[in-house]
>>> print(open('run.tsv').read())   # TSV, C-alpha atoms
chain	number	residue	atom	x	y	z
P	20	MET	CA	0.00	0.00	0.00
P	21	GLU	CA	1.21	3.51	-0.83
P	22	SER	CA	2.33	5.80	2.01
P	23	TRP	CA	-0.42	8.41	1.56
P	24	LYS	CA	-3.11	5.70	1.58
P	25	SER	CA	-1.71	4.27	4.82
P	26	HIS	CA	-1.63	7.77	6.34
P	27	VAL	CA	-5.28	8.49	5.35
P	28	ARG	CA	-6.41	5.10	6.66
P	29	GLY	CA	-4.64	5.67	9.99
P	30	GLU	CA	-6.14	9.14	10.40
P	31	LEU	CA	-9.67	7.84	9.68
P	32	PHE	CA	-9.23	5.04	12.20
P	33	HIS	CA	-7.99	7.54	14.82
P	34	ARG	CA	-10.97	9.84	14.15
P	35	ASP	CA	-13.46	6.96	14.50
P	36	CYS	CA	-11.88	5.94	17.82
P	37	LYS	CA	-12.08	9.51	19.15
P	38	GLN	CA	-15.72	9.86	18.10
P	39	ARG	CA	-16.71	6.43	19.47
P	40	ASP	CA	-14.90	6.61	22.85
P	41	PRO	CA	-17.33	9.07	24.54
P	42	PHE	CA	-20.25	6.77	23.70
P	43	SER	CA	-18.57	3.43	24.42
P	44	GLY	CA	-20.22	3.03	27.85
P	45	LEU	CA	-23.60	4.54	26.97
P	46	PHE	CA	-24.93	1.43	25.28
P	47	ASP	CA	-24.36	-0.70	28.38
P	48	LYS	CA	-25.95	1.98	30.60
P	49	VAL	CA	-28.96	2.31	28.31
P	50	SER	CA	-29.38	-1.46	28.27
P	51	ARG	CA	-29.30	-1.61	32.09
P	52	LEU	CA	-31.73	1.31	32.37
P	53	GLU	CA	-34.11	-0.41	29.93
P	54	GLU	CA	-33.97	-3.58	32.05
P	55	MET	CA	-34.66	-1.60	35.23
P	56	LEU	CA	-37.49	0.26	33.52
P	57	ALA	CA	-39.08	-2.98	32.35
P	58	PHE	CA	-38.68	-4.39	35.86
P	59	HIS	CA	-40.29	-1.32	37.49
P	60	MET	CA	-43.16	-1.32	35.01
P	61	LYS	CA	-43.83	-5.02	35.65
P	62	LEU	CA	-43.52	-4.48	39.40
P	63	ARG	CA	-45.88	-1.52	39.26
P	64	GLN	CA	-48.40	-3.59	37.38
P	65	ASP	CA	-48.12	-6.34	39.98
P	66	MET	CA	-48.59	-3.78	42.78
P	67	ASP	CA	-51.62	-2.28	41.07
P	68	THR	CA	-53.10	-5.73	40.63
P	69	CYS	CA	-52.39	-6.57	44.25
P	70	SER	CA	-53.83	-3.27	45.51
P	71	SER	CA	-56.99	-3.69	43.42
P	72	LYS	CA	-57.54	-7.17	44.84
P	73	GLU	CA	-56.94	-6.08	48.41
P	74	LYS	CA	-58.91	-2.86	48.16
P	75	GLY	CA	-60.93	-2.34	51.22
P	76	SER	CA	-58.59	-4.31	53.45
P	77	SER	CA	-56.44	-2.49	55.92
P	78	ARG	CA	-53.39	-4.71	55.20
P	79	CYS	CA	-50.82	-2.63	53.23
P	80	PRO	CA	-47.09	-3.20	53.22
P	81	ASP	CA	-46.30	0.50	53.59
P	82	GLU	CA	-47.36	3.92	52.51
P	83	GLY	CA	-47.33	4.02	48.71
P	84	GLY	CA	-45.47	0.65	48.50
P	85	THR	CA	-42.03	2.26	48.62
P	86	LEU	CA	-40.46	-0.40	50.81
P	87	TYR	CA	-42.00	-3.18	48.75
P	88	LEU	CA	-40.70	-1.58	45.55
P	89	ARG	CA	-37.24	-1.18	47.11
P	90	ALA	CA	-37.22	-4.78	48.30
P	91	LYS	CA	-38.19	-6.10	44.90
P	92	GLU	CA	-35.59	-3.88	43.25
P	93	LEU	CA	-32.93	-5.22	45.62
P	94	GLU	CA	-34.11	-8.76	44.91
P	95	PHE	CA	-33.86	-8.10	41.17
P	96	LEU	CA	-30.43	-6.59	41.56
P	97	ASN	CA	-29.41	-9.56	43.72
P	98	GLN	CA	-30.57	-11.95	41.00
P	99	GLN	CA	-28.67	-9.97	38.39
P	100	LEU	CA	-25.59	-10.03	40.62
P	101	LYS	CA	-25.90	-13.78	41.11
P	102	GLN	CA	-26.30	-14.26	37.38
P	103	LYS	CA	-23.26	-12.05	36.77
P	104	ILE	CA	-21.29	-14.01	39.37
P	105	SER	CA	-22.38	-17.25	37.70
P	106	ASP	CA	-21.36	-15.89	34.31
P	107	LEU	CA	-18.04	-14.69	35.67
P	108	THR	CA	-17.44	-18.09	37.33
P	109	SER	CA	-18.22	-19.90	34.09
P	110	ASN	CA	-16.01	-17.46	32.26
P	111	LYS	CA	-13.28	-18.05	34.86
P	112	TYR	CA	-13.52	-21.83	34.39
P	113	LEU	CA	-13.39	-21.31	30.64
P	114	LYS	CA	-10.39	-19.01	30.94
P	115	ASP	CA	-8.69	-21.50	33.28
P	116	ALA	CA	-9.26	-24.24	30.73
P	117	GLU	CA	-7.94	-21.99	27.99
P	118	LEU	CA	-4.96	-21.07	30.18
P	119	HIS	CA	-4.27	-24.75	30.90
P	120	TYR	CA	-4.50	-25.49	27.20
P	121	CYS	CA	-2.18	-22.56	26.46
P	122	HIS	CA	0.30	-23.85	29.06
P	123	SER	CA	0.18	-27.32	27.52
P	124	GLN	CA	0.68	-25.78	24.08
P	125	VAL	CA	3.58	-23.70	25.40
P	126	ALA	CA	5.15	-26.83	26.92
P	127	ARG	CA	4.66	-28.70	23.66
P	128	TYR	CA	6.09	-25.82	21.65
P	129	ARG	CA	9.01	-25.58	24.11
P	130	THR	CA	9.70	-29.30	23.65
P	131	GLU	CA	9.44	-28.93	19.88
P	132	ALA	CA	11.74	-25.91	20.05
P	133	VAL	CA	14.30	-27.91	22.02
P	134	VAL	CA	14.08	-30.75	19.50
P	135	LEU	CA	14.34	-28.32	16.61
P	136	ALA	CA	17.30	-26.59	18.29
P	137	GLN	CA	19.03	-29.93	18.72
P	138	GLY	CA	18.28	-30.80	15.11
P	139	ALA	CA	19.56	-27.39	14.00
P	140	SER	CA	22.72	-27.89	16.05
P	141	SER	CA	23.22	-31.34	14.51
P	142	GLN	CA	22.59	-29.97	11.04
P	143	LYS	CA	24.99	-27.11	11.73
P	144	ALA	CA	27.66	-29.61	12.78
P	145	ASP	CA	26.95	-31.68	9.65
P	146	LEU	CA	27.12	-28.52	7.56
P	147	GLU	CA	30.47	-27.58	9.07
P	148	GLU	CA	31.72	-31.13	8.39
P	149	TYR	CA	30.49	-30.91	4.80
P	150	GLU	CA	32.13	-27.51	4.39
P	151	TYR	CA	35.40	-28.93	5.74
P	152	GLN	CA	35.18	-31.91	3.38
P	153	LEU	CA	34.34	-29.57	0.51
P	154	GLU	CA	37.35	-27.40	1.34
P	155	CYS	CA	39.61	-30.49	1.47
P	156	GLN	CA	38.20	-31.76	-1.81
P	157	SER	CA	38.65	-28.31	-3.35
P	158	LYS	CA	42.30	-28.31	-2.27
P	159	GLU	CA	42.75	-31.83	-3.62
P	160	LEU	CA	41.08	-30.80	-6.87
P	161	THR	CA	43.42	-27.81	-7.15
P	162	ALA	CA	46.42	-30.07	-6.54
P	163	LEU	CA	45.15	-32.59	-9.09
P	164	ARG	CA	44.64	-29.82	-11.63
P	165	LEU	CA	48.20	-28.60	-11.08
P	166	GLU	CA	49.49	-32.17	-11.38
P	167	HIS	CA	47.39	-32.70	-14.49
P	168	SER	CA	48.75	-29.48	-15.99
P	169	SER	CA	52.30	-30.57	-15.15
P	170	LEU	CA	51.70	-34.02	-16.63
P	171	ARG	CA	50.21	-32.45	-19.74
P	172	GLU	CA	53.27	-30.26	-20.14
P	173	GLU	CA	55.51	-33.30	-19.66
P	174	LEU	CA	53.43	-35.25	-22.17
P	175	THR	CA	53.70	-32.40	-24.66
P	176	ALA	CA	57.47	-32.29	-24.17
P	177	ALA	CA	57.67	-36.10	-24.49
P	178	ASN	CA	55.62	-36.03	-27.69
P	179	LEU	CA	57.84	-33.31	-29.11
P	180	GLN	CA	60.94	-35.29	-28.15
P	181	ASN	CA	59.42	-38.43	-29.63
P	182	GLU	CA	58.66	-36.61	-32.88
P	183	GLN	CA	62.22	-35.29	-32.97
P	184	LEU	CA	63.64	-38.79	-32.33
P	185	LEU	CA	61.33	-40.26	-34.96
P	186	HIS	CA	62.38	-37.62	-37.46
P	187	ARG	CA	66.04	-38.24	-36.65
P	188	TRP	CA	65.55	-42.02	-36.92
P	189	LEU	CA	63.82	-41.61	-40.27
P	190	GLU	CA	66.66	-39.39	-41.50
P	191	GLU	CA	69.20	-41.94	-40.32
P	192	LYS	CA	67.27	-44.77	-41.97
P	193	LYS	CA	67.02	-42.71	-45.12
P	194	GLU	CA	70.78	-42.11	-45.14
P	195	GLU	CA	71.40	-45.80	-44.40
P	196	ALA	CA	69.12	-46.79	-47.27
P	197	GLU	CA	70.97	-44.42	-49.55
P	198	ARG	CA	74.30	-45.94	-48.47
P	199	ILE	CA	72.95	-49.45	-49.04
P	200	ASN	CA	71.63	-48.45	-52.43
P	201	LYS	CA	74.98	-46.94	-53.33
P	202	TYR	CA	76.76	-50.06	-52.10
P	203	ASN	CA	74.43	-52.31	-54.05
P	204	ALA	CA	74.91	-50.18	-57.17
P	205	THR	CA	78.68	-50.40	-56.72
P	206	GLN	CA	78.48	-54.13	-56.25
P	207	GLU	CA	76.38	-54.48	-59.37
P	208	ARG	CA	78.88	-52.42	-61.35
P	209	TRP	CA	81.76	-54.52	-60.04
P	210	GLN	CA	79.90	-57.73	-60.81
P	211	ARG	CA	79.16	-56.56	-64.35
P	212	LEU	CA	82.75	-55.48	-64.80
P	213	ALA	CA	84.01	-58.80	-63.41
P	214	GLY	CA	81.66	-60.66	-65.71
P	215	ARG	CA	82.96	-58.79	-68.72
P	216	LEU	CA	86.51	-59.35	-67.63
P	217	LYS	CA	85.85	-63.04	-67.11
P	218	LYS	CA	84.23	-63.23	-70.51
P	219	ARG	CA	87.14	-61.50	-72.20
P	220	TYR	CA	89.51	-63.74	-70.34
P	221	ARG	CA	87.73	-66.83	-71.54
P	222	VAL	CA	87.67	-65.50	-75.11
P	223	SER	CA	91.35	-64.67	-75.05
P	224	SER	CA	92.13	-68.04	-73.47
P	225	ARG	CA	90.27	-69.85	-76.20
P	226	ALA	CA	92.04	-67.82	-78.90
P	227	ALA	CA	95.38	-68.63	-77.41
P	228	GLU	CA	94.54	-72.30	-77.20
P	229	SER	CA	93.41	-72.35	-80.77
P	230	LYS	CA	96.63	-70.75	-81.92
P	231	THR	CA	98.74	-73.28	-80.02
P	232	GLN	CA	96.82	-76.19	-81.47
P	233	GLN	CA	97.31	-75.16	-85.17
P	234	PRO	CA	100.19	-77.04	-86.99
P	235	PRO	CA	102.91	-75.03	-88.52
P	236	SER	CA	102.65	-74.58	-92.27
>>> encode(input="run.tsv", output="structure tokens")
Amino acid sequence: MESWKSHVRGELFHRDCKQRDPFSGLFDKVSRLEEMLAFHMKLRQDMDTCSSKEKGSSRCPDEGGTLYLRAKELEFLNQQLKQKISDLTSNKYLKDAELHYCHSQVARYRTEAVVLAQGASSQKADLEEYEYQLECQSKELTALRLEHSSLREELTAANLQNEQLLHRWLEEKKEEAERINKYNATQERWQRLAGRLKKRYRVSSRAAESKTQQPPS
């Protein structure tokens, strides 16, 4: 609710209280006066009836019936007082029962509060334990991340070194293959040359043998 609406509502409530306070007790007074008036009217009717019946007799409670009216009024007030005392006693018993119920509720709520406080304390201890475990796990995770980063760097360096060694090994194998190829080519050339020499030697040997076997002319 807006502030000006709250202010207007509060002022109206204050005005109603001020205008109603002077008349707060008048309704109860008017109600009691109406009861007394009804009682007096009924009593007056009873006295008139009684006086009409006993007309001519000299027996009269008092002059004008003032004492009789006062006695009946006191009796009526006494009955009202007894009824009020009875109502107050019943109200007292009711209030005592309500008070006993409130005390039992307070005791129950106190017990529940103690149980809840114990549960809250246990949960707080569990929470502190979980926070400690979380902190330890966070530290372990940080250490594992650092170790993982270090291992990754070592793995990267090992892969680079492996690639370098592989490249060097391939270069060496390539050079070795070239040397073998050169050696094989040289061997082939020597074998061909030896074959030609052997062939020439056999041809020259045959020619020499043929010359030695011819008779002189």
>>> atom_distance(input="run.tsv", atom1="CA of Gln98 (chain P)", atom2="CA of Arg51 (chain P)")
13.7 Å
>>> axis_aligned_box(input="run.tsv", around="region 205-217 of chain P", padding_each_side="5 Å", output="AutoDock Vina command-line options")
--center_x 81.4 --center_y -56.7 --center_z -62.5 --size_x 20.1 --size_y 22.6 --size_z 22.5
>>> atom_distance(input="run.tsv", atom1="CA of Gln99 (chain P)", atom2="CA of Met55 (chain P)")
10.8 Å
>>> atom_distance(input="run.tsv", atom1="CA of Leu189 (chain P)", atom2="CA of Thr175 (chain P)")
20.8 Å
